[in-house]
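Okay, structure.pdb now, which holds PDB, C-alpha atoms, pLDDT in the B column:
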MODEL        1
ATOM      1  CA  MET A   1      17.971 -31.909  20.824  1.00 41.00           C
ATOM      2  CA  THR A   2      14.386 -33.151  20.479  1.00 49.00           C
ATOM      3  CA  ARG A   3      12.445 -32.995  17.228  1.00 46.00           C
ATOM      4  CA  THR A   4      10.141 -30.346  18.718  1.00 43.00           C
ATOM      5  CA  ALA A   5      13.036 -28.130  19.855  1.00 42.00           C
ATOM      6  CA  ALA A   6      14.750 -28.436  16.488  1.00 42.00           C
ATOM      7  CA  THR A   7      11.561 -27.492  14.643  1.00 40.00           C
ATOM      8  CA  LEU A   8      10.906 -24.479  16.874  1.00 40.00           C
ATOM      9  CA  GLY A   9      14.509 -23.355  16.396  1.00 41.00           C
ATOM     10  CA  THR A  10      14.067 -23.475  12.630  1.00 38.00           C
ATOM     11  CA  LEU A  11      10.889 -21.404  12.910  1.00 40.00           C
ATOM     12  CA  ALA A  12      12.577 -18.777  15.062  1.00 39.00           C
ATOM     13  CA  ALA A  13      15.407 -18.410  12.571  1.00 37.00           C
ATOM     14  CA  PHE A  14      12.967 -18.075   9.666  1.00 40.00           C
ATOM     15  CA  ALA A  15      10.679 -15.515  11.338  1.00 39.00           C
ATOM     16  CA  THR A  16      12.449 -12.241  10.588  1.00 39.00           C
ATOM     17  CA  GLY A  17       9.690 -10.031   9.240  1.00 45.00           C
ATOM     18  CA  CYS A  18       6.348  -8.456   9.935  1.00 79.00           C
ATOM     19  CA  THR A  19       3.406 -10.523   8.679  1.00 84.00           C
ATOM     20  CA  THR A  20       2.435 -14.045   7.619  1.00 87.00           C
ATOM     21  CA  PHE A  21      -0.713 -13.297   5.494  1.00 86.00           C
ATOM     22  CA  ALA A  22      -2.370 -16.613   6.471  1.00 85.00           C
ATOM     23  CA  THR A  23      -2.152 -19.489   8.943  1.00 89.00           C
ATOM     24  CA  VAL A  24      -3.122 -22.878   7.497  1.00 94.00           C
ATOM     25  CA  ARG A  25      -4.754 -25.100  10.143  1.00 94.00           C
ATOM     26  CA  SER A  26      -7.109 -28.060  10.437  1.00 95.00           C
ATOM     27  CA  ALA A  27     -10.858 -27.488  10.137  1.00 96.00           C
ATOM     28  CA  GLU A  28     -11.529 -29.970  12.938  1.00 94.00           C
ATOM     29  CA  VAL A  29     -11.930 -28.501  16.422  1.00 94.00           C
ATOM     30  CA  ARG A  30     -10.008 -30.408  19.077  1.00 92.00           C
ATOM     31  CA  PRO A  31     -11.216 -29.861  22.660  1.00 94.00           C
ATOM     32  CA  GLY A  32      -8.900 -28.215  25.146  1.00 94.00           C
ATOM     33  CA  PHE A  33      -5.855 -25.993  24.780  1.00 95.00           C
ATOM     34  CA  GLN A  34      -4.145 -25.537  21.429  1.00 95.00           C
ATOM     35  CA  GLY A  35      -0.994 -23.579  20.620  1.00 95.00           C
ATOM     36  CA  VAL A  36       0.274 -22.787  17.124  1.00 95.00           C
ATOM     37  CA  VAL A  37       3.580 -21.272  16.016  1.00 95.00           C
ATOM     38  CA  GLN A  38       4.116 -20.503  12.325  1.00 94.00           C
ATOM     39  CA  ALA A  39       6.872 -18.865  10.323  1.00 93.00           C
ATOM     40  CA  ALA A  40       6.191 -17.691   6.776  1.00 92.00           C
ATOM     41  CA  GLY A  41       7.872 -15.816   3.981  1.00 91.00           C
ATOM     42  CA  THR A  42       7.366 -14.702   0.395  1.00 91.00           C
ATOM     43  CA  PRO A  43       9.995 -16.124  -1.977  1.00 90.00           C
ATOM     44  CA  GLY A  44       9.666 -13.014  -4.169  1.00 89.00           C
ATOM     45  CA  PRO A  45       8.804  -9.324  -3.724  1.00 88.00           C
ATOM     46  CA  VAL A  46       5.287  -8.236  -2.788  1.00 88.00           C
ATOM     47  CA  GLY A  47       5.104  -4.994  -4.780  1.00 86.00           C
ATOM     48  CA  ASP A  48       6.485  -1.537  -4.038  1.00 85.00           C
ATOM     49  CA  VAL A  49       3.309  -0.164  -2.428  1.00 87.00           C
ATOM     50  CA  ALA A  50       2.475  -3.269  -0.351  1.00 86.00           C
ATOM     51  CA  GLY A  51       6.091  -3.666   0.720  1.00 85.00           C
ATOM     52  CA  TRP A  52       5.965  -0.224   2.335  1.00 84.00           C
ATOM     53  CA  PHE A  53       3.670  -1.582   5.075  1.00 82.00           C
ATOM     54  CA  TRP A  54       6.090  -4.296   6.212  1.00 81.00           C
ATOM     55  CA  GLY A  55       9.437  -2.617   5.623  1.00 71.00           C
ATOM     56  CA  LEU A  56      11.437  -1.197   8.500  1.00 62.00           C
ATOM     57  CA  ASP A  57      10.976   2.551   7.961  1.00 63.00           C
ATOM     58  CA  CYS A  58      11.001   1.964   4.222  1.00 66.00           C
ATOM     59  CA  THR A  59      10.734   5.123   2.123  1.00 63.00           C
ATOM     60  CA  GLY A  60      11.431   3.426  -1.220  1.00 65.00           C
ATOM     61  CA  PRO A  61      11.974   1.321  -3.130  1.00 73.00           C
ATOM     62  CA  CYS A  62       9.980  -1.166  -1.020  1.00 80.00           C
ATOM     63  CA  ASN A  63       9.451  -4.021  -3.491  1.00 84.00           C
ATOM     64  CA  HIS A  64      11.040  -6.696  -1.324  1.00 85.00           C
ATOM     65  CA  PRO A  65      10.165 -10.138   0.118  1.00 88.00           C
ATOM     66  CA  VAL A  66       8.273 -10.228   3.418  1.00 88.00           C
ATOM     67  CA  GLY A  67       8.574 -12.706   6.271  1.00 87.00           C
ATOM     68  CA  GLY A  68       7.018 -13.070   9.684  1.00 89.00           C
ATOM     69  CA  ALA A  69       5.851 -15.272  12.545  1.00 91.00           C
ATOM     70  CA  ASP A  70       2.427 -15.991  14.003  1.00 93.00           C
ATOM     71  CA  VAL A  71       1.978 -17.176  17.606  1.00 94.00           C
ATOM     72  CA  ASN A  72      -1.526 -18.298  18.589  1.00 95.00           C
ATOM     73  CA  ALA A  73      -3.181 -19.787  21.672  1.00 97.00           C
ATOM     74  CA  ALA A  74      -6.790 -21.005  21.702  1.00 97.00           C
ATOM     75  CA  TYR A  75      -9.209 -23.249  23.590  1.00 97.00           C
ATOM     76  CA  GLY A  76     -11.645 -25.565  21.859  1.00 96.00           C
ATOM     77  CA  TRP A  77     -15.044 -26.912  22.866  1.00 96.00           C
ATOM     78  CA  ARG A  78     -17.074 -29.771  21.398  1.00 93.00           C
ATOM     79  CA  PRO A  79     -20.450 -29.402  23.152  1.00 93.00           C
ATOM     80  CA  ARG A  80     -23.033 -32.192  23.118  1.00 90.00           C
ATOM     81  CA  THR A  81     -25.427 -29.853  21.367  1.00 89.00           C
ATOM     82  CA  GLY A  82     -24.362 -27.086  19.021  1.00 91.00           C
ATOM     83  CA  ARG A  83     -21.324 -26.662  16.844  1.00 95.00           C
ATOM     84  CA  PRO A  84     -17.701 -27.132  17.930  1.00 96.00           C
ATOM     85  CA  PHE A  85     -15.792 -23.856  18.275  1.00 97.00           C
ATOM     86  CA  THR A  86     -12.559 -22.259  19.457  1.00 97.00           C
ATOM     87  CA  ILE A  87     -11.767 -18.888  21.003  1.00 97.00           C
ATOM     88  CA  GLY A  88      -8.259 -17.518  21.230  1.00 97.00           C
ATOM     89  CA  GLY A  89      -5.796 -14.853  20.305  1.00 95.00           C
ATOM     90  CA  GLY A  90      -2.239 -14.220  19.351  1.00 94.00           C
ATOM     91  CA  VAL A  91       0.308 -11.999  17.670  1.00 92.00           C
ATOM     92  CA  ASN A  92       0.951 -11.872  13.927  1.00 89.00           C
ATOM     93  CA  GLY A  93       4.244 -10.565  12.620  1.00 79.00           C
ATOM     94  CA  LEU A  94       5.375 -10.317  16.277  1.00 74.00           C
ATOM     95  CA  ILE A  95       3.789  -6.828  16.512  1.00 80.00           C
ATOM     96  CA  TYR A  96       0.099  -7.155  15.489  1.00 86.00           C
ATOM     97  CA  PRO A  97      -2.062  -8.648  18.297  1.00 92.00           C
ATOM     98  CA  TYR A  98      -5.505 -10.095  17.585  1.00 94.00           C
ATOM     99  CA  VAL A  99      -8.427 -12.048  19.012  1.00 96.00           C
ATOM    100  CA  GLU A 100      -9.872 -14.928  17.021  1.00 96.00           C
ATOM    101  CA  GLY A 101     -12.942 -17.137  16.823  1.00 97.00           C
ATOM    102  CA  TYR A 102     -13.639 -20.238  14.727  1.00 98.00           C
ATOM    103  CA  VAL A 103     -16.651 -22.554  14.254  1.00 98.00           C
ATOM    104  CA  GLU A 104     -16.679 -26.026  12.730  1.00 97.00           C
ATOM    105  CA  LEU A 105     -19.835 -25.756  10.626  1.00 96.00           C
ATOM    106  CA  ALA A 106     -20.345 -29.174   9.070  1.00 94.00           C
ATOM    107  CA  LYS A 107     -18.816 -32.492   8.146  1.00 92.00           C
ATOM    108  CA  ILE A 108     -19.380 -33.923   4.673  1.00 93.00           C
ATOM    109  CA  GLY A 109     -18.412 -37.561   4.961  1.00 92.00           C
ATOM    110  CA  ARG A 110     -14.909 -37.466   6.441  1.00 91.00           C
ATOM    111  CA  VAL A 111     -14.307 -33.829   5.401  1.00 95.00           C
ATOM    112  CA  PRO A 112     -14.809 -31.176   8.140  1.00 96.00           C
ATOM    113  CA  LEU A 113     -15.641 -27.598   7.084  1.00 97.00           C
ATOM    114  CA  GLY A 114     -15.550 -24.399   9.095  1.00 97.00           C
ATOM    115  CA  ALA A 115     -15.102 -20.636   9.125  1.00 98.00           C
ATOM    116  CA  GLY A 116     -13.602 -18.041  11.419  1.00 97.00           C
ATOM    117  CA  GLY A 117     -12.142 -14.604  11.740  1.00 96.00           C
ATOM    118  CA  ARG A 118      -9.529 -12.429  13.386  1.00 94.00           C
ATOM    119  CA  PHE A 119     -10.017  -8.955  14.748  1.00 94.00           C
ATOM    120  CA  GLY A 120      -6.765  -7.023  14.976  1.00 91.00           C
ATOM    121  CA  LEU A 121      -5.989  -4.958  18.065  1.00 88.00           C
ATOM    122  CA  PRO A 122      -3.716  -1.908  18.181  1.00 77.00           C
ATOM    123  CA  GLY A 123      -0.407  -2.870  19.777  1.00 66.00           C
ATOM    124  CA  ILE A 124       1.849  -0.862  22.048  1.00 59.00           C
ATOM    125  CA  ASP A 125       2.952   2.238  20.099  1.00 55.00           C
ATOM    126  CA  GLN A 126       1.179   0.740  17.079  1.00 64.00           C
ATOM    127  CA  HIS A 127      -1.600   2.397  15.087  1.00 80.00           C
ATOM    128  CA  TRP A 128      -1.761  -0.418  12.509  1.00 83.00           C
ATOM    129  CA  SER A 129      -3.699  -3.668  12.755  1.00 87.00           C
ATOM    130  CA  GLU A 130      -4.492  -6.758  10.680  1.00 89.00           C
ATOM    131  CA  HIS A 131      -7.861  -8.491  10.323  1.00 93.00           C
ATOM    132  CA  ALA A 132      -8.906 -11.669   8.524  1.00 95.00           C
ATOM    133  CA  LEU A 133     -11.849 -13.845   7.527  1.00 97.00           C
ATOM    134  CA  TYR A 134     -11.162 -17.426   6.469  1.00 97.00           C
ATOM    135  CA  ALA A 135     -12.603 -20.857   5.746  1.00 97.00           C
ATOM    136  CA  ARG A 136     -11.070 -24.273   6.419  1.00 97.00           C
ATOM    137  CA  ALA A 137     -11.488 -27.734   4.919  1.00 97.00           C
ATOM    138  CA  ASP A 138      -9.648 -31.021   5.533  1.00 95.00           C
ATOM    139  CA  VAL A 139      -9.264 -34.062   3.295  1.00 96.00           C
ATOM    140  CA  PRO A 140      -7.911 -37.077   5.247  1.00 95.00           C
ATOM    141  CA  LEU A 141      -5.248 -38.905   3.222  1.00 96.00           C
ATOM    142  CA  SER A 142      -4.332 -41.415   5.936  1.00 94.00           C
ATOM    143  CA  PRO A 143      -4.871 -41.787   9.711  1.00 91.00           C
ATOM    144  CA  THR A 144      -2.016 -39.303  10.354  1.00 93.00           C
ATOM    145  CA  VAL A 145      -1.919 -37.105   7.215  1.00 96.00           C
ATOM    146  CA  ARG A 146      -4.486 -34.538   6.042  1.00 96.00           C
ATOM    147  CA  LEU A 147      -4.643 -32.163   3.094  1.00 98.00           C
ATOM    148  CA  LEU A 148      -5.683 -28.693   4.347  1.00 97.00           C
ATOM    149  CA  TYR A 149      -7.237 -25.863   2.340  1.00 97.00           C
ATOM    150  CA  ASN A 150      -7.708 -22.390   3.872  1.00 97.00           C
ATOM    151  CA  PRO A 151      -8.989 -19.573   1.612  1.00 97.00           C
ATOM    152  CA  GLY A 152      -9.628 -16.152   3.103  1.00 96.00           C
ATOM    153  CA  LEU A 153      -9.506 -12.375   3.098  1.00 96.00           C
ATOM    154  CA  VAL A 154      -6.954 -10.192   4.898  1.00 95.00           C
ATOM    155  CA  TRP A 155      -6.933  -6.468   5.697  1.00 93.00           C
ATOM    156  CA  HIS A 156      -4.003  -4.403   6.964  1.00 90.00           C
ATOM    157  CA  MET A 157      -4.890  -0.813   7.808  1.00 87.00           C
ATOM    158  CA  GLY A 158      -4.155   2.091  10.088  1.00 85.00           C
ATOM    159  CA  SER A 159      -2.306   5.370  10.417  1.00 78.00           C
ATOM    160  CA  SER A 160       0.825   6.916  11.853  1.00 73.00           C
ATOM    161  CA  PRO A 161       0.756   8.108  15.497  1.00 70.00           C
ATOM    162  CA  ASN A 162       0.132  11.706  14.356  1.00 73.00           C
ATOM    163  CA  ASN A 163      -2.623  10.520  11.967  1.00 73.00           C
ATOM    164  CA  GLN A 164      -0.881  12.182   9.016  1.00 76.00           C
ATOM    165  CA  THR A 165       0.007   8.973   7.159  1.00 79.00           C
ATOM    166  CA  LYS A 166      -2.728   6.467   6.365  1.00 85.00           C
ATOM    167  CA  GLY A 167      -2.940   3.342   4.273  1.00 88.00           C
ATOM    168  CA  SER A 168      -4.476  -0.059   3.674  1.00 90.00           C
ATOM    169  CA  PHE A 169      -3.769  -3.431   2.122  1.00 92.00           C
ATOM    170  CA  ARG A 170      -6.645  -5.745   1.148  1.00 95.00           C
ATOM    171  CA  GLY A 171      -5.908  -9.216  -0.102  1.00 95.00           C
ATOM    172  CA  ILE A 172      -7.534 -12.468  -1.223  1.00 96.00           C
ATOM    173  CA  VAL A 173      -5.588 -15.418   0.156  1.00 96.00           C
ATOM    174  CA  HIS A 174      -5.503 -19.062  -0.888  1.00 95.00           C
ATOM    175  CA  GLY A 175      -3.492 -21.417   1.320  1.00 96.00           C
ATOM    176  CA  ALA A 176      -3.020 -25.181   1.274  1.00 97.00           C
ATOM    177  CA  GLY A 177      -0.841 -27.537   3.262  1.00 97.00           C
ATOM    178  CA  LEU A 178      -0.305 -30.970   4.731  1.00 97.00           C
ATOM    179  CA  GLU A 179      -0.849 -31.828   8.394  1.00 97.00           C
ATOM    180  CA  PHE A 180       1.434 -34.570   9.725  1.00 97.00           C
ATOM    181  CA  ASP A 181      -0.193 -35.643  13.000  1.00 94.00           C
ATOM    182  CA  GLN A 182       2.147 -36.990  15.688  1.00 90.00           C
ATOM    183  CA  GLY A 183      -0.386 -37.255  18.507  1.00 88.00           C
ATOM    184  CA  ARG A 184       0.103 -34.146  20.636  1.00 91.00           C
ATOM    185  CA  LEU A 185       2.029 -32.370  17.907  1.00 93.00           C
ATOM    186  CA  SER A 186       1.348 -31.654  14.232  1.00 95.00           C
ATOM    187  CA  ILE A 187       3.796 -30.315  11.662  1.00 96.00           C
ATOM    188  CA  ILE A 188       2.150 -28.270   8.885  1.00 97.00           C
ATOM    189  CA  PRO A 189       4.144 -27.180   5.819  1.00 97.00           C
ATOM    190  CA  SER A 190       2.021 -24.943   3.597  1.00 97.00           C
ATOM    191  CA  ALA A 191       2.067 -22.608   0.629  1.00 96.00           C
ATOM    192  CA  GLY A 192      -0.319 -20.158  -0.967  1.00 95.00           C
ATOM    193  CA  TRP A 193      -1.051 -17.148  -3.106  1.00 95.00           C
ATOM    194  CA  VAL A 194      -2.146 -13.604  -2.259  1.00 95.00           C
ATOM    195  CA  PHE A 195      -3.677 -11.087  -4.635  1.00 95.00           C
ATOM    196  CA  GLY A 196      -3.807  -7.716  -2.942  1.00 92.00           C
ATOM    197  CA  ARG A 197      -4.522  -4.019  -3.439  1.00 94.00           C
ATOM    198  CA  ALA A 198      -2.390  -1.525  -1.520  1.00 91.00           C
ATOM    199  CA  GLU A 199      -2.312   2.238  -1.143  1.00 90.00           C
ATOM    200  CA  HIS A 200      -0.995   4.786   1.336  1.00 85.00           C
ATOM    201  CA  GLY A 201      -0.556   8.509   1.564  1.00 83.00           C
ATOM    202  CA  SER A 202       0.628  11.432   3.637  1.00 80.00           C
ATOM    203  CA  GLY A 203      -0.756  14.932   3.155  1.00 75.00           C
ATOM    204  CA  SER A 204      -1.044  15.659  -0.559  1.00 76.00           C
ATOM    205  CA  LEU A 205       1.156  12.678  -1.496  1.00 81.00           C
ATOM    206  CA  HIS A 206      -0.783   9.534  -2.377  1.00 82.00           C
ATOM    207  CA  VAL A 207       0.875   6.271  -3.487  1.00 79.00           C
ATOM    208  CA  GLY A 208      -1.192   3.633  -5.263  1.00 75.00           C
ATOM    209  CA  PRO A 209      -3.530   1.937  -5.464  1.00 87.00           C
ATOM    210  CA  GLU A 210      -1.371  -0.912  -6.741  1.00 88.00           C
ATOM    211  CA  SER A 211      -2.634  -4.466  -7.340  1.00 92.00           C
ATOM    212  CA  HIS A 212      -0.095  -7.244  -7.079  1.00 87.00           C
ATOM    213  CA  GLY A 213      -0.043 -11.019  -6.699  1.00 92.00           C
ATOM    214  CA  PHE A 214       2.627 -13.038  -4.908  1.00 93.00           C
ATOM    215  CA  GLY A 215       3.204 -16.436  -3.337  1.00 94.00           C
ATOM    216  CA  TRP A 216       4.161 -17.436   0.195  1.00 94.00           C
ATOM    217  CA  ILE A 217       5.478 -20.526   1.973  1.00 95.00           C
ATOM    218  CA  ALA A 218       5.223 -21.434   5.652  1.00 95.00           C
ATOM    219  CA  LEU A 219       6.013 -24.003   8.309  1.00 96.00           C
ATOM    220  CA  GLY A 220       3.811 -24.411  11.366  1.00 95.00           C
ATOM    221  CA  VAL A 221       3.849 -26.400  14.608  1.00 95.00           C
ATOM    222  CA  ASP A 222       0.469 -27.160  16.211  1.00 95.00           C
ATOM    223  CA  MET A 223       0.402 -28.402  19.841  1.00 94.00           C
ATOM    224  CA  HIS A 224      -2.891 -29.994  20.932  1.00 92.00           C
ATOM    225  CA  ARG A 225      -4.683 -32.972  22.420  1.00 89.00           C
ATOM    226  CA  PRO A 226      -4.393 -36.209  20.435  1.00 86.00           C
ATOM    227  CA  ARG A 227      -7.122 -36.626  17.833  1.00 79.00           C
ATOM    228  CA  ARG A 228      -9.735 -39.303  18.460  1.00 71.00           C
ATOM    229  CA  ARG A 229      -9.369 -42.069  15.901  1.00 62.00           C
TER     230      ARG A 229
ENDMDL
END
Show how you would write the structure in this file as structure tokens.
Amino acid sequence: MTRTAATLGTLAAFATGCTTFATVRSAEVRPGFQGVVQAAGTPGPVGDVAGWFWGLDCTGPCNHPVGGADVNAAYGWRPRTGRPFTIGGGVNGLIYPYVEGYVELAKIGRVPLGAGGRFGLPGIDQHWSEHALYARADVPLSPTVRLLYNPGLVWHMGSSPNNQTKGSFRGIVHGAGLEFDQGRLSIIPSAGWVFGRAEHGSGSLHVGPESHGFGWIALGVDMHRPRRR
């Protein structure tokens, strides 16, 4: 079994939930196709109100850990004039599709900086979606290792098919990780913290708002063109 196959197998086994909260990636835009697979999980519970959104038909108590996978495909451009950018899309939590755009805004010395966002799309038989705004920064530690920092905002919102149950989760996310560059493949272990506010209701019953903070850990595989040295 190759290293890539073994890593992807580990990710598939880990991805048994509904959301990842954040995807830590490099701030530098590489031209051409890029594919990212990430599995993430919260070591501890996320709060009873927030857990309701990612439980399988959870009616309570819902204060449980959450896990999930993110699959993303994008294409990057580095034009001769203008800023490098990527356009792509994917599926978060295996059930929340999205489109995504990112722009590399500046480079301070050897440190690239950028910002982007995701716009969630309703899935098949899904009336819930997830959106995000985020920033990225890299600190090169060696020719093949970078320290990554990705702060951002995440929103999860929607309603039941009959529009009787509605709710939202809004969170501030801080994520950091290490990118181990192997040419056409990068391995990115990461960890972070979310502080969120969740509420939901149906008819006269309203639950929340509840504010809760929790950590998350993740492992990602990034497939891309080799970086120019």
>> With distances taken over only C-alpha atoms, which residue among A:Gln34, A:Ser160, A:Ser168, A:Thr20 lies nearest Ser186 (chain A)?
In response: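 Using only C-alpha atoms, Ser186 (chain A) sits closest to A:Gln34.
Computed from the coordinates, the CA of Pro209 (chain A) to CA of Glu130 (chain A) distance equals 18.4 Å.
With only C-alpha atoms as the atoms that count, the residue of A:Pro97, A:Gly76, A:Gly177, A:Gly152 with the shortest distance to Val194 (chain A) is A:Gly152.
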> Could you spell out the hits of the PyMOL selection byres ((chain A and resi 195) around 12) on the shown file, as a PyMOL selection string?
Replying inline: chain A and resi 21+46-47+50+151-155+169-175+192-194+196-198+210-216
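Between CA of Leu185 (chain A) and CA of Asp138 (chain A) lies a distance of 17.1 Å.
Residue neighbourhood of region 112-120 of chain A, excluding near-sequence residues (fewer than 6 positions): A:Ser26, A:Ala27, A:Glu28, A:Gly89, A:Tyr96, A:Pro97, A:Tyr98, A:Val99, A:Glu100, A:Gly101, A:Tyr102, A:Val103, A:Glu104, A:Leu105, A:Ala106, A:Trp128, A:Ser129, A:Glu130, A:His131, A:Ala132, A:Leu133, A:Tyr134, A:Ala135, A:Arg136, A:Ala137, A:Asp138, A:Val139, A:His156, at 9 Å, using only C-alpha atoms.
Proximity of A:Ala218, A:Ile87, A:Ile188, A:Met157 to Ala39 (chain A), computed with only C-alpha atoms, is greatest for A:Ala218.
Take the candidates A:Gln164, A:Asn63, A:Gln38, A:Thr86 and check each one against Asp222 (chain A) using only C-alpha atoms; the shortest distance goes to A:Gln38.
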May I have the centre and edge lengths, in Å to one decimal, of an axis-aligned box around the listed atoms of region 185-197 of chain A with 3 Å added to every side, as lines of an AutoDock Vina configuration file?
center_x = -0.2
center_y = -18.2
center_z = 6.6
size_x = 14.7
size_y = 34.4
size_z = 28.5
>> Using all atoms listed in the file, can you tell me which of A:Ser159, A:Ile217, A:His224, A:Thr81 comes closest to Gly67 (chain A)?
In response: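 So, comparing all the options, the nearest one is A:Ile217.
Interatomic distance, CA of Tyr149 (chain A) to CA of Leu178 (chain A): 8.9 Å.
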>> Given all atoms listed in the file as the basis, pick out the residue of A:Gly82, A:Gly201, A:Gly220, A:Gly208 nearest to Pro189 (chain A).
In response: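 Looking at the shortest contact to Pro189 (chain A), the residue is A:Gly220.
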>> Around the point (0.4, -21.8, 16.5) (coordinates from the file), which residues reach within 7 Å if we count all atoms listed in the file? Answer as an MDAnalysis selection string.
In response: chainID A and resid 35:38 70:73 220:222
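Selection by the PyMOL selection byres ((chain A and resi 162) around 12) on the present file picks out Asp125, Gln126, His127, Gly158, Ser159, Ser160, Pro161, Asn163, Gln164, Thr165, Lys166, Ser202 and Gly203 of chain A.
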Atoms kept (C-alpha atoms) for selection, written as an mmCIF file, keeping the file's coordinate frame:
data_model
loop_
_atom_site.group_PDB
_atom_site.id
_atom_site.type_symbol
_atom_site.label_atom_id
_atom_site.label_comp_id
_atom_site.auth_asym_id
_atom_site.auth_seq_id
_atom_site.Cartn_x
_atom_site.Cartn_y
_atom_site.Cartn_z
ATOM 1 C CA ASP A 125 2.952 2.238 20.099
ATOM 2 C CA GLN A 126 1.179 0.740 17.079
ATOM 3 C CA HIS A 127 -1.600 2.397 15.087
ATOM 4 C CA GLY A 158 -4.155 2.091 10.088
ATOM 5 C CA SER A 159 -2.306 5.370 10.417
ATOM 6 C CA SER A 160 0.825 6.916 11.853
ATOM 7 C CA PRO A 161 0.756 8.108 15.497
ATOM 8 C CA ASN A 163 -2.623 10.520 11.967
ATOM 9 C CA GLN A 164 -0.881 12.182 9.016
ATOM 10 C CA THR A 165 0.007 8.973 7.159
ATOM 11 C CA LYS A 166 -2.728 6.467 6.365
ATOM 12 C CA SER A 202 0.628 11.432 3.637
ATOM 13 C CA GLY A 203 -0.756 14.932 3.155
#
> Around (-6.2, -42.3, 13.0) in the file's frame, which residues reach within 9 Å when counting all atoms listed in the file? Return as a ChimeraX atom specification?
Replying inline: /A:142-145,181,227-229
